[in-house]
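Engineer: Have a peek at final_35.cif (mmCIF, C-alpha atoms and all ligand atoms).
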data_work
#
loop_
_atom_site.label_atom_id
_atom_site.label_comp_id
_atom_site.auth_asym_id
_atom_site.auth_seq_id
_atom_site.Cartn_x
_atom_site.Cartn_y
_atom_site.Cartn_z
CA MET U 44 178.77 -58.55 156.87
CA ILE U 45 178.13 -54.93 155.87
CA GLN U 46 174.65 -53.41 155.96
CA THR U 47 174.12 -50.13 154.15
CA THR U 48 171.69 -47.31 154.90
CA ASP U 49 171.76 -43.54 154.34
CA VAL U 50 172.21 -42.81 158.04
CA VAL U 51 173.62 -44.79 160.97
CA VAL U 52 172.79 -43.54 164.47
CA VAL U 53 174.73 -44.81 167.49
CA GLY U 54 172.81 -44.79 170.80
CA ALA U 55 169.07 -45.21 171.39
CA GLY U 56 168.68 -42.63 174.15
CA ILE U 57 166.47 -39.65 173.39
CA VAL U 58 169.14 -37.92 171.28
CA GLY U 59 169.71 -40.96 169.05
CA LEU U 60 165.98 -41.64 168.78
CA ALA U 61 165.39 -38.02 167.78
CA HIS U 62 168.03 -38.19 165.04
CA ALA U 63 166.71 -41.51 163.76
CA TRP U 64 163.16 -40.12 163.61
CA ALA U 65 164.12 -36.75 162.09
CA SER U 66 166.22 -38.33 159.33
CA ALA U 67 163.73 -41.14 158.60
CA ARG U 68 160.90 -38.59 158.34
CA ARG U 69 162.91 -36.90 155.62
CA GLY U 70 163.12 -40.05 153.57
CA ARG U 71 166.48 -41.42 154.69
CA SER U 72 166.98 -45.12 155.34
CA VAL U 73 168.30 -45.42 158.90
CA ALA U 74 170.03 -47.97 161.14
CA LEU U 75 169.92 -47.30 164.91
CA LEU U 76 172.50 -49.16 167.00
CA GLU U 77 172.18 -49.50 170.78
CA ARG U 78 174.81 -51.29 172.81
CA GLY U 79 172.43 -52.62 175.49
CA PRO U 80 169.38 -54.90 175.34
CA VAL U 81 167.41 -51.71 176.09
CA ALA U 82 168.46 -48.09 176.49
CA SER U 83 169.24 -47.56 180.17
CA GLY U 84 171.05 -44.21 180.26
CA ALA U 85 169.87 -40.75 181.33
CA SER U 86 166.89 -40.93 178.99
CA VAL U 87 165.08 -43.52 181.13
CA ARG U 88 166.18 -42.00 184.46
CA ASN U 89 164.68 -38.54 184.21
CA PHE U 90 161.42 -36.86 185.26
CA GLY U 91 159.95 -36.91 181.77
CA MET U 92 159.52 -33.15 181.90
CA VAL U 93 159.37 -31.51 178.50
CA TRP U 94 160.14 -28.09 179.94
CA PRO U 95 160.10 -25.02 177.65
CA VAL U 96 159.61 -22.70 180.64
CA GLY U 97 163.20 -23.37 181.75
CA GLN U 98 164.80 -22.54 178.41
CA PRO U 99 166.29 -19.13 177.67
CA VAL U 100 164.22 -17.09 175.26
CA GLU U 101 166.54 -17.67 172.27
CA VAL U 102 166.11 -21.44 172.69
CA LEU U 103 162.36 -21.29 173.32
CA PRO U 104 161.33 -21.86 169.67
CA VAL U 105 163.27 -25.14 169.50
CA ALA U 106 161.79 -26.24 172.84
CA LEU U 107 158.28 -25.50 171.56
CA ARG U 108 159.02 -27.36 168.31
CA SER U 109 160.19 -30.28 170.47
CA ARG U 110 156.98 -30.10 172.46
CA ALA U 111 154.92 -30.35 169.26
CA LEU U 112 156.99 -33.35 168.14
CA TRP U 113 156.53 -35.06 171.53
CA LEU U 114 152.76 -34.76 171.13
CA GLU U 115 153.00 -36.21 167.63
CA ALA U 116 155.25 -39.06 168.82
CA ALA U 117 152.98 -39.84 171.77
CA VAL U 118 150.04 -40.33 169.42
CA GLU U 119 152.06 -42.22 166.82
CA ALA U 120 153.78 -44.53 169.33
CA GLY U 121 150.84 -44.65 171.76
CA PHE U 122 152.59 -43.76 175.03
CA TRP U 123 151.09 -41.98 178.05
CA HIS U 124 151.56 -38.23 178.25
CA HIS U 125 149.83 -35.16 179.65
CA THR U 126 149.63 -31.48 178.75
CA ARG U 127 148.84 -30.14 182.21
CA GLY U 128 151.82 -27.76 182.13
CA SER U 129 153.81 -26.85 185.22
CA VAL U 130 153.38 -24.94 188.45
CA PHE U 131 156.14 -23.20 190.44
CA LEU U 132 155.35 -23.18 194.19
CA ALA U 133 156.64 -20.38 196.43
CA VAL U 134 157.12 -20.77 200.18
CA HIS U 135 159.14 -17.52 200.66
CA GLU U 136 158.32 -13.94 199.67
CA ASP U 137 161.63 -13.63 197.76
CA GLU U 138 160.64 -16.60 195.58
CA LEU U 139 157.32 -14.96 194.82
CA ALA U 140 159.13 -11.73 193.92
CA VAL U 141 161.34 -13.49 191.34
CA MET U 142 158.33 -15.32 189.92
CA ARG U 143 156.46 -12.03 189.56
CA GLU U 144 159.45 -10.44 187.79
CA PHE U 145 159.56 -13.35 185.36
CA VAL U 146 155.82 -13.54 184.67
CA GLU U 147 155.15 -9.79 184.52
CA GLY U 148 158.55 -8.52 183.32
CA PRO U 149 160.02 -8.04 179.85
CA ALA U 150 161.32 -11.63 179.77
CA ALA U 151 157.74 -12.96 179.74
CA ALA U 152 157.23 -12.57 175.99
CA GLY U 153 157.01 -15.99 174.39
CA TYR U 154 156.28 -17.87 177.61
CA ASP U 155 152.68 -18.50 178.66
CA CYS U 156 152.69 -17.97 182.42
CA THR U 157 150.22 -16.59 184.96
CA MET U 158 150.78 -15.57 188.58
CA LEU U 159 148.63 -17.48 191.06
CA THR U 160 147.35 -16.57 194.50
CA GLN U 161 147.64 -19.11 197.28
CA ASP U 162 144.03 -20.21 196.72
CA GLN U 163 144.61 -20.57 192.98
CA VAL U 164 147.75 -22.66 193.55
CA LEU U 165 145.91 -24.96 195.94
CA ALA U 166 143.03 -25.36 193.48
CA LEU U 167 145.38 -26.17 190.58
CA CYS U 168 147.84 -28.35 192.47
CA PRO U 169 146.37 -30.75 195.04
CA ALA U 170 149.93 -31.81 195.95
CA ALA U 171 150.88 -28.33 197.25
CA ASN U 172 151.41 -28.12 201.01
CA ARG U 173 148.68 -25.69 202.11
CA ALA U 174 150.50 -24.99 205.37
CA ARG U 175 153.58 -23.62 203.58
CA VAL U 176 152.85 -22.56 200.01
CA ILE U 177 152.02 -18.84 199.67
CA GLY U 178 151.52 -18.53 195.90
CA GLY U 179 153.26 -19.27 192.65
CA PHE U 180 152.85 -19.26 188.91
CA ALA U 181 151.54 -21.63 186.27
CA SER U 182 152.94 -22.26 182.80
CA THR U 183 150.91 -23.99 180.09
CA THR U 184 153.65 -25.27 177.79
CA GLU U 185 155.13 -28.20 179.72
CA VAL U 186 154.35 -31.76 178.67
CA GLY U 187 154.81 -34.80 180.90
CA VAL U 188 155.82 -38.25 179.66
CA ASP U 189 156.94 -41.38 181.48
CA PRO U 190 160.49 -41.68 180.12
CA ARG U 191 160.72 -45.39 180.86
CA GLU U 192 157.66 -46.04 178.71
CA ALA U 193 158.43 -43.48 175.99
CA ILE U 194 162.05 -44.56 175.42
CA ALA U 195 160.99 -48.22 175.35
CA THR U 196 158.17 -47.55 172.87
CA LEU U 197 159.83 -45.18 170.41
CA PRO U 198 162.15 -47.81 168.81
CA SER U 199 159.12 -49.90 167.76
CA MET U 200 157.46 -46.83 166.30
CA LEU U 201 160.63 -46.05 164.35
CA ALA U 202 160.91 -49.63 163.11
CA ASN U 203 157.26 -50.23 162.30
CA ARG U 204 156.22 -46.87 160.91
CA HIS U 205 159.46 -45.44 159.51
CA GLY U 206 161.39 -48.55 158.50
CA VAL U 207 164.31 -47.84 160.84
CA ARG U 208 166.53 -50.89 161.35
CA VAL U 209 166.80 -50.95 165.15
CA ARG U 210 169.60 -53.13 166.52
CA PHE U 211 169.88 -53.68 170.27
CA ASP U 212 172.84 -55.51 171.85
CA THR U 213 174.99 -53.90 169.18
CA PRO U 214 177.83 -51.81 170.64
CA ALA U 215 179.69 -49.65 168.14
CA VAL U 216 183.40 -50.19 168.77
CA ARG U 217 185.11 -48.21 165.99
CA ILE U 218 184.05 -45.62 163.47
CA GLU U 219 185.61 -44.63 160.16
CA PRO U 220 184.20 -42.16 157.66
CA GLY U 221 180.88 -43.73 156.58
CA LEU U 222 181.44 -46.99 158.46
CA VAL U 223 180.53 -48.17 161.97
CA HIS U 224 182.14 -51.37 163.23
CA THR U 225 180.24 -53.27 165.92
CA ALA U 226 181.35 -55.69 168.62
CA ASP U 227 180.08 -58.77 166.78
CA GLY U 228 182.32 -58.07 163.79
CA SER U 229 179.57 -56.59 161.61
CA ALA U 230 179.79 -53.20 159.96
CA TYR U 231 177.13 -50.62 159.16
CA GLU U 232 177.81 -48.37 156.21
CA ALA U 233 176.27 -44.89 156.04
CA ARG U 234 175.93 -43.36 152.57
CA GLU U 235 175.27 -39.93 154.02
CA ARG U 236 176.10 -39.56 157.74
CA VAL U 237 176.92 -41.33 161.00
CA VAL U 238 175.50 -39.62 164.10
CA VAL U 239 177.05 -40.59 167.43
CA CYS U 240 174.69 -40.04 170.39
CA SER U 241 176.43 -41.99 173.13
CA GLY U 242 175.37 -39.79 176.07
CA ALA U 243 177.59 -39.98 179.16
CA GLU U 244 179.68 -42.75 177.57
CA THR U 245 182.65 -40.73 176.39
CA ARG U 246 185.43 -43.29 176.69
CA THR U 247 184.75 -45.69 173.83
CA LEU U 248 184.28 -43.63 170.69
CA PHE U 249 186.26 -40.43 170.05
CA PRO U 250 187.52 -39.96 173.61
CA GLU U 251 189.82 -37.20 172.30
CA VAL U 252 186.76 -35.19 171.19
CA PHE U 253 185.31 -35.31 174.67
CA ASP U 254 188.64 -34.46 176.25
CA ARG U 255 189.03 -31.38 174.05
CA GLN U 256 185.58 -29.95 174.68
CA ASP U 257 184.65 -28.04 177.81
CA LEU U 258 182.28 -30.76 179.01
CA THR U 259 181.35 -32.08 182.39
CA LEU U 260 179.54 -35.12 183.71
CA CYS U 261 176.80 -34.59 186.26
CA LYS U 262 175.26 -37.17 188.59
CA LEU U 263 171.68 -36.66 189.81
CA GLN U 264 169.88 -38.56 192.58
CA MET U 265 166.16 -39.25 192.23
CA LEU U 266 163.37 -40.94 194.19
CA ALA U 267 159.84 -42.09 193.42
CA THR U 268 156.88 -42.86 195.65
CA GLY U 269 154.71 -45.85 194.98
CA ALA U 270 151.36 -45.31 193.27
CA GLN U 271 149.27 -42.71 195.09
CA PRO U 272 145.68 -43.61 195.97
CA ALA U 273 143.49 -44.22 192.91
CA GLY U 274 141.95 -41.04 191.57
CA TRP U 275 144.33 -38.66 193.38
CA SER U 276 146.13 -36.30 191.01
CA ALA U 277 149.15 -34.14 191.86
CA GLY U 278 148.08 -31.65 189.17
CA PRO U 279 150.69 -30.14 186.83
CA MET U 280 154.40 -30.94 187.09
CA ILE U 281 155.88 -29.12 190.05
CA ALA U 282 158.91 -26.90 190.56
CA SER U 283 160.00 -24.82 193.53
CA GLY U 284 161.56 -21.50 194.51
CA PRO U 285 165.07 -23.02 194.57
CA THR U 286 164.43 -24.18 190.97
CA LEU U 287 164.58 -20.52 189.94
CA ARG U 288 168.33 -20.69 190.64
CA HIS U 289 168.79 -23.48 188.13
CA TYR U 290 167.20 -22.40 184.86
CA THR U 291 168.63 -19.66 182.68
CA SER U 292 165.12 -18.43 181.80
CA PHE U 293 165.06 -16.74 185.23
CA ALA U 294 168.64 -15.42 185.09
CA GLY U 295 167.56 -11.88 184.18
CA CYS U 296 165.16 -11.44 187.12
CA PRO U 297 166.49 -8.52 189.20
CA THR U 298 165.88 -10.03 192.66
CA LEU U 299 167.18 -13.51 191.86
CA ALA U 300 170.51 -12.58 193.46
CA GLU U 301 168.72 -11.84 196.73
CA LEU U 302 167.00 -15.24 196.66
CA LYS U 303 170.33 -16.94 195.97
CA ARG U 304 171.93 -15.05 198.86
CA ARG U 305 169.21 -16.15 201.25
CA VAL U 306 169.49 -19.79 200.15
CA ALA U 307 173.29 -19.66 200.50
CA GLU U 308 172.97 -18.30 204.04
CA GLN U 309 170.03 -20.32 205.33
CA ALA U 310 170.35 -23.58 203.41
CA PRO U 311 173.96 -23.90 202.18
CA GLU U 312 173.45 -27.66 201.78
CA LEU U 313 171.22 -26.93 198.75
CA ASP U 314 174.14 -25.23 196.98
CA ALA U 315 176.65 -27.83 198.15
CA MET U 316 174.50 -30.71 196.88
CA GLY U 317 173.07 -28.85 193.85
CA ILE U 318 169.55 -29.49 195.10
CA HIS U 319 166.27 -27.98 194.01
CA PHE U 320 162.84 -29.51 194.30
CA MET U 321 160.74 -30.89 191.47
CA ALA U 322 158.00 -33.51 191.24
CA ALA U 323 156.09 -35.21 188.44
CA GLN U 324 153.33 -37.77 188.71
CA ASN U 325 153.41 -40.45 186.03
CA GLY U 326 150.64 -42.50 184.45
CA ALA U 327 151.01 -45.22 187.10
CA GLY U 328 150.23 -42.66 189.82
CA GLU U 329 153.80 -42.62 191.22
CA VAL U 330 155.35 -39.27 192.06
CA VAL U 331 158.92 -38.91 190.79
CA LEU U 332 160.92 -36.62 193.08
CA GLY U 333 164.29 -34.91 192.82
CA ASP U 334 166.94 -33.78 192.37
CA SER U 335 170.60 -33.16 193.19
CA HIS U 336 173.62 -32.32 191.01
CA GLU U 337 177.19 -33.51 191.62
CA TYR U 338 179.64 -32.46 188.92
CA GLY U 339 182.85 -33.99 187.64
CA GLU U 340 184.62 -37.32 187.66
CA PRO U 341 184.89 -39.89 189.01
CA VAL U 342 181.14 -40.43 189.20
CA SER U 343 180.50 -42.40 192.37
CA PRO U 344 178.51 -45.60 191.84
CA PHE U 345 177.12 -45.13 195.36
CA ASP U 346 174.23 -42.84 196.24
CA ARG U 347 174.38 -40.55 199.25
CA GLY U 348 171.84 -40.93 202.04
CA ASP U 349 172.42 -37.34 203.19
CA ILE U 350 171.41 -36.03 199.75
CA ASP U 351 168.20 -38.05 199.79
CA ALA U 352 167.46 -36.80 203.32
CA VAL U 353 167.90 -33.13 202.34
CA MET U 354 165.77 -33.62 199.23
CA LEU U 355 162.98 -35.33 201.15
CA ARG U 356 162.99 -32.71 203.91
CA GLY U 357 162.57 -29.89 201.35
CA LEU U 358 160.02 -31.79 199.31
CA ARG U 359 157.92 -32.49 202.40
CA GLU U 360 157.85 -28.77 203.16
CA LEU U 361 156.66 -28.05 199.65
CA LEU U 362 154.29 -30.95 199.06
CA ASP U 363 151.59 -32.81 200.92
CA LEU U 364 151.34 -36.24 199.29
CA PRO U 365 148.79 -38.81 200.47
CA ASP U 366 151.53 -41.47 200.55
CA TRP U 367 155.21 -40.66 201.09
CA SER U 368 156.44 -44.28 200.94
CA ILE U 369 159.51 -44.28 198.69
CA ALA U 370 159.33 -47.19 196.27
CA ARG U 371 162.48 -46.54 194.20
CA ARG U 372 165.77 -44.63 194.38
CA TRP U 373 168.27 -44.25 191.56
CA HIS U 374 170.73 -41.89 189.98
CA GLY U 375 171.38 -40.77 186.43
CA VAL U 376 174.38 -39.19 184.73
CA TYR U 377 174.37 -36.76 181.87
CA LEU U 378 177.00 -34.88 179.90
CA LYS U 379 176.75 -31.12 179.96
CA ALA U 380 178.29 -28.44 177.74
CA PRO U 381 178.37 -25.46 180.12
CA GLY U 382 177.18 -22.26 178.46
CA ARG U 383 175.74 -24.14 175.48
CA THR U 384 172.52 -26.05 174.86
CA HIS U 385 174.50 -28.97 173.35
CA PHE U 386 177.63 -29.62 171.36
CA VAL U 387 178.05 -30.86 167.82
CA HIS U 388 181.39 -31.96 166.46
CA GLU U 389 182.58 -33.61 163.24
CA PRO U 390 185.63 -35.71 164.16
CA LEU U 391 185.69 -37.41 160.73
CA PRO U 392 184.10 -36.48 157.39
CA GLY U 393 180.41 -37.44 157.51
CA VAL U 394 180.53 -38.34 161.22
CA THR U 395 178.71 -36.09 163.70
CA VAL U 396 178.99 -36.34 167.47
CA PHE U 397 175.80 -34.87 168.99
CA ASN U 398 175.79 -34.67 172.76
CA GLY U 399 175.98 -32.51 175.88
CA LEU U 400 172.32 -31.58 176.28
CA GLY U 401 172.70 -31.63 180.06
CA GLY U 402 169.43 -31.37 181.94
CA ALA U 403 167.37 -30.46 178.89
CA GLY U 404 167.69 -33.54 176.68
CA MET U 405 164.03 -34.51 176.90
CA THR U 406 163.05 -30.90 176.25
CA LEU U 407 165.31 -30.13 173.29
CA SER U 408 166.34 -33.34 171.47
CA PHE U 409 163.40 -33.58 169.09
CA GLY U 410 163.62 -29.90 168.16
CA LEU U 411 167.41 -29.88 167.77
CA ALA U 412 167.45 -33.03 165.64
CA ASP U 413 164.60 -31.67 163.54
CA ALA U 414 166.52 -28.44 162.88
CA PHE U 415 169.71 -30.42 162.11
CA TRP U 416 168.04 -32.65 159.52
CA GLU U 417 166.01 -29.83 158.02
CA ASP U 418 169.18 -28.00 157.19
CA GLY U 419 171.66 -30.87 157.03
CA THR U 420 174.27 -28.91 158.95
CA GLU U 421 174.67 -27.42 162.38
CA LYS U 422 174.55 -23.87 161.02
CA THR U 423 170.96 -23.15 161.97
CA LEU U 424 170.96 -24.95 165.30
CA PRO U 425 169.98 -22.70 168.14
CA THR U 426 172.41 -22.48 170.98
CA THR U 427 172.91 -20.12 173.86
CA THR U 428 175.72 -17.82 174.68
CA HIS U 429 174.59 -17.48 178.30
CA THR U 430 177.35 -18.05 180.75
CA LEU U 431 175.75 -20.65 182.93
CA GLU U 432 176.71 -21.44 186.43
CA LYS U 433 177.96 -24.95 186.95
CA ASP U 434 174.49 -26.07 187.93
CA GLY U 435 172.63 -23.96 185.37
CA ALA U 436 169.71 -25.16 183.27
CA THR U 437 169.49 -28.53 184.87
CA PRO U 438 166.35 -30.13 186.19
C1 LIG U 501 168.01 -37.73 186.85
C2 LIG U 501 167.83 -36.94 185.58
C3 LIG U 501 166.70 -36.14 185.42
C4 LIG U 501 166.52 -35.43 184.23
N1 LIG U 501 165.32 -34.79 184.01
C5 LIG U 501 165.08 -34.25 182.79
C6 LIG U 501 163.80 -33.72 182.47
O1 LIG U 501 162.84 -33.88 183.24
N2 LIG U 501 163.64 -33.06 181.30
C7 LIG U 501 164.68 -32.94 180.39
O2 LIG U 501 164.50 -32.29 179.38
N3 LIG U 501 165.86 -33.55 180.61
C8 LIG U 501 166.08 -34.19 181.78
N4 LIG U 501 167.28 -34.79 182.02
C9 LIG U 501 168.31 -34.78 180.96
C10 LIG U 501 168.07 -35.86 179.92
O3 LIG U 501 167.67 -37.06 180.54
C11 LIG U 501 169.37 -36.06 179.12
O4 LIG U 501 169.76 -34.81 178.56
C12 LIG U 501 169.16 -37.04 177.98
O5 LIG U 501 168.54 -38.21 178.43
C13 LIG U 501 170.49 -37.39 177.29
O6 LIG U 501 170.17 -38.27 176.26
P1 LIG U 501 171.29 -39.05 175.44
O7 LIG U 501 170.59 -39.76 174.36
O8 LIG U 501 172.39 -38.10 175.11
O9 LIG U 501 171.94 -40.04 176.50
P2 LIG U 501 171.49 -41.53 177.06
O10 LIG U 501 170.07 -41.50 177.40
O11 LIG U 501 172.46 -41.83 178.08
O12 LIG U 501 171.64 -42.40 175.77
C14 LIG U 501 172.89 -42.77 175.22
C15 LIG U 501 172.73 -44.16 174.66
O13 LIG U 501 173.86 -44.49 173.89
C16 LIG U 501 174.17 -45.85 174.11
N5 LIG U 501 175.57 -46.06 173.75
C17 LIG U 501 176.67 -45.50 174.34
N6 LIG U 501 177.79 -45.92 173.73
C18 LIG U 501 177.39 -46.75 172.73
C19 LIG U 501 178.09 -47.50 171.75
N7 LIG U 501 179.43 -47.49 171.67
N8 LIG U 501 177.38 -48.26 170.86
C20 LIG U 501 176.02 -48.29 170.91
N9 LIG U 501 175.31 -47.60 171.85
C21 LIG U 501 175.98 -46.84 172.73
C22 LIG U 501 173.90 -46.03 175.60
O14 LIG U 501 173.73 -47.40 175.93
C23 LIG U 501 172.64 -45.20 175.78
O15 LIG U 501 171.45 -45.97 175.62
C24 LIG U 501 167.51 -35.49 183.22
C25 LIG U 501 168.64 -36.28 183.38
C26 LIG U 501 168.79 -37.01 184.55
C27 LIG U 501 170.01 -37.87 184.70
#
Could I get this structure in the form of structure tokens?
Ligand SMILES: Cc1cc2nc3c(=O)[nH]c(=O)nc-3n(C[C@H](O)[C@H](O)[C@H](O)COP(=O)(O)OP(=O)(O)OC[C@H]3O[C@@H](n4cnc5c(N)ncnc54)[C@H](O)[C@@H]3O)c2cc1C
Structural biologist:
Amino acid sequence: MIQTTDVVVVGAGIVGLAHAWASARRGRSVALLERGPVASGASVRNFGMVWPVGQPVEVLPVALRSRALWLEAAVEAGFWHHTRGSVFLAVHEDELAVMREFVEGPAAAGYDCTMLTQDQVLALCPAANRARVIGGFASTTEVGVDPREAIATLPSMLANRHGVRVRFDTPAVRIEPGLVHTADGSAYEARERVVVCSGAETRTLFPEVFDRQDLTLCKLQMLATGAQPAGWSAGPMIASGPTLRHYTSFAGCPTLAELKRRVAEQAPELDAMGIHFMAAQNGAGEVVLGDSHEYGEPVSPFDRGDIDAVMLRGLRELLDLPDWSIARRWHGVYLKAPGRTHFVHEPLPGVTVFNGLGGAGMTLSFGLADAFWEDGTEKTLPTTTHTLEKDGATP
């Protein structure tokens, strides 16, 4: 049986959901095919940080457009979210120096950040460890969502409010121009375009495209506490001094090299394990903690206890949580296009592969898909020419 729509999207992670929404909003009829009974890839395994502050200045407009779309989607779909922004906590003078250069330097234009004294940090962020934290900065633009809830809720919003035909348990097994064949022998015809958003799954469809691109898989380990005591709030989403090494927005800060040197000398395990410290409290009161970065294949199915131990040691220096009981541990894998925000490729006429958003998929997908469908091509999509380090731009 062949079903026909204007657009067929493969994959119901955040990238596929964003394309389905952006095209449906512009009047296209859309089918969204997801191989699993639910989406269970990187999009449900992340912090839920919509994180403009980490994006380089040329990508900031698309991150802010994404932010606006997240707020719209949260209202339309009815999922939990907050607009408390983010706070970067410093425990070393060199971290504070880089933060000051970012907040008060020429790079600050477009971001909305304020330096904070120790007292101001402690007032804003009850989770900060008062024995260690010496100051920091706050940014207003970050939005928090619970990815497990948002990614589970968005397909119903697309189906009920935008007429998208959402099909779970429907793996795409072969694609021709304008036609997607699925595992049950059905086919989905696209009058206008097929968009393939298969995330870290690069083996099934167009493996030659993934082989040809300069792409890398990255595995991240994460932890979450149980619900904190009722009424206790961690404050904004939290990042750390070592986080400054990871996002390209801080790459131009003159003393960043000094901070990196000190970390390399005093805590080489952070570089070896790709660790920096972030935390986000969700609507259930749990604090999601992370993260590490291991690049390349094969991706081990097994998580490393030493990585968790290093993460927890650093997080406990940074944070003072009422309850440190770890309720869940997991890892996620994403595909990254080093030096670029994402990659877009047309392996067949009318078929677009859209992937490689690395550690910024929650932050950029809505904005990138919106720009793509506004223009209908990849011409106007923002990208970055920054040469990123292997672990760049990854929460
Ligand atoms: C631990 C972790 C923390 C992160 N934190 C953040 C963060 O806080 N903020 C942020 O901006 N980004 C974050 N990221 C990055 C972000 O999660 C990813 O960039 C994003 O989820 C990638 O989305 P995706 O849709 O490409 O992939 P996925 O979410 O993996 O979705 C791909 C989907 O395609 C489906 N699929 C694959 N093949 C087929 C097929 N043949 N047929 C049908 N369906 C198919 C899969 O089942 C899957 O559901 C984090 C990532 C990880 C792993």
Engineer: From the list U:Cys240, U:Ile45, U:Val118, U:Val96, which residue is nearest Phe386 (chain U) when using all atoms listed in the file?
Structural biologist: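 That would be U:Cys240, the residue with the smallest distance to Phe386 (chain U).
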Engineer: When you count only C-alpha atoms and all ligand atoms, which of these residues is closest to ligand LIG 501 (chain U): U:Ala215, U:Ala315, U:Leu132, U:Ala63?
Structural biologist: U:Ala215
Engineer: Give me, as a tab-separated table, the closest atom pair and its distance (Å, one decimal) for every residue of chain U within a cut-off of 7 Å of ligand LIG 501 (chain U), counting all atoms listed in the file, rows sorted by chain and rising number.
Structural biologist:
residue	atom	partner	partner_atom	distance
U:Val53	CA	U:LIG501	C20	5.0
U:Gly54	CA	U:LIG501	O13	3.3
U:Ala55	CA	U:LIG501	O15	4.9
U:Gly56	CA	U:LIG501	O12	3.4
U:Ile57	CA	U:LIG501	O7	4.2
U:Val58	CA	U:LIG501	O7	3.9
U:Gly59	CA	U:LIG501	O7	5.5
U:Leu76	CA	U:LIG501	C20	5.3
U:Glu77	CA	U:LIG501	N9	3.8
U:Arg78	CA	U:LIG501	C20	3.8
U:Gly79	CA	U:LIG501	O14	5.4
U:Ala82	CA	U:LIG501	O15	3.8
U:Ser83	CA	U:LIG501	O15	5.3
U:Gly84	CA	U:LIG501	O11	3.5
U:Ala85	CA	U:LIG501	O10	4.0
U:Ser86	CA	U:LIG501	O5	3.2
U:Val87	CA	U:LIG501	O10	6.5
U:Arg88	CA	U:LIG501	C1	5.2
U:Asn89	CA	U:LIG501	C3	3.4
U:Phe90	CA	U:LIG501	O1	3.9
U:Gly91	CA	U:LIG501	O1	4.4
U:Met92	CA	U:LIG501	O1	3.7
U:Val93	CA	U:LIG501	O2	5.3
U:Trp94	CA	U:LIG501	O2	6.1
U:Thr213	CA	U:LIG501	C20	6.0
U:Pro214	CA	U:LIG501	N8	3.6
U:Ala215	CA	U:LIG501	N8	3.8
U:Val216	CA	U:LIG501	N7	5.6
U:Cys240	CA	U:LIG501	O8	5.6
U:Ser241	CA	U:LIG501	O13	3.7
U:Gly242	CA	U:LIG501	O9	3.5
U:Ala243	CA	U:LIG501	O11	5.6
U:Glu244	CA	U:LIG501	C17	5.2
U:Thr247	CA	U:LIG501	N7	6.0
U:Leu248	CA	U:LIG501	N7	6.3
U:Lys262	CA	U:LIG501	C27	6.6
U:Leu263	CA	U:LIG501	C1	4.8
U:Gln264	CA	U:LIG501	C1	6.1
U:Met265	CA	U:LIG501	C1	5.9
U:Asp334	CA	U:LIG501	C1	6.9
U:His374	CA	U:LIG501	C1	5.9
U:Gly375	CA	U:LIG501	C27	3.6
U:Val376	CA	U:LIG501	C27	4.6
U:Tyr377	CA	U:LIG501	C27	5.3
U:Asn398	CA	U:LIG501	O8	5.4
U:Gly399	CA	U:LIG501	O8	6.7
U:Leu400	CA	U:LIG501	O4	4.7
U:Gly401	CA	U:LIG501	O4	4.6
U:Gly402	CA	U:LIG501	C9	3.7
U:Ala403	CA	U:LIG501	O2	3.4
U:Gly404	CA	U:LIG501	O4	3.1
U:Met405	CA	U:LIG501	O2	3.4
U:Thr406	CA	U:LIG501	O2	3.7
U:Leu407	CA	U:LIG501	O2	6.5
U:Pro438	CA	U:LIG501	N1	5.2
Engineer: Rounded to one decimal, what separation in Å do you get between CA of Leu313 (chain U) and CA of Asp351 (chain U)?
Structural biologist: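 For CA of Leu313 (chain U) relative to CA of Asp351 (chain U), the distance reads 11.6 Å.
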Engineer: For a test of reading the model, state the distance in Å between CA of Leu114 (chain U) and CA of Glu101 (chain U), rounded to one decimal.
Structural biologist: 22.0 Å
Engineer: Just checking: using only C-alpha atoms, which residue out of U:Ala195, U:Val134, U:Ala327, U:Val207 ends up closest to Leu362 (chain U)?
Structural biologist: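 The answer is U:Val134, which sits nearest to Leu362 (chain U).
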Engineer: What is the distance between CA of Val342 (chain U) and CA of Trp373 (chain U), in Å to one decimal?
Structural biologist: 13.6 Å
Engineer: Show me, as a list in words, the residues that have an atom within 10 Å of Ala133 (chain U) when counting only C-alpha atoms, minus same-chain residues fewer than 6 positions from it.
Structural biologist: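 That gives Leu139, Ala140, Val141, Met142, Gln161, Val164, Ala171, Arg175, Val176, Ile177, Gly178, Gly179, Phe180, Ala282, Ser283, Gly284, Pro285 and Leu361 of chain U.
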Engineer: Just need the box for region 67-70 of chain U, edges along x, y and z, holding every atom the file lists for it with 4 Å tacked onto each side, so centre and edge lengths in Å to one decimal, as AutoDock Vina command-line options.
Structural biologist:
--center_x 162.3 --center_y -39.0 --center_z 156.1 --size_x 10.8 --size_y 12.2 --size_z 13.0
Engineer: Excluding Glu119 (chain U) and residues on its chain fewer than 2 positions from it, collect all residues at most 12 Å away from it, counting only C-alpha atoms, and give them as number ranges by chain.
Structural biologist: U: 64, 112-117, 121-123, 193, 196-201, 203-205
Engineer: Find the residue from U:Leu411, U:Leu299, U:Val209, U:Ala152 that sits nearest to Ser72 (chain U); use all atoms listed in the file when measuring.
Structural biologist: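 Smallest distance to Ser72 (chain U) is found for U:Val209.
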Engineer: Would you please work out which residue, of U:Arg210, U:His135, U:Arg236, U:Arg69, is nearest to Val51 (chain U) when using all atoms listed in the file?
Structural biologist: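 Closest candidate: U:Arg236.
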Engineer: I want to know what sits within 12 Å of Ala166 (chain U), based on only C-alpha atoms, with residues of the same chain fewer than 4 positions away left out; could you give that as a PyMOL selection string?
Structural biologist: chain U and resi 130+159-162+170-173+178-179+181+276-279
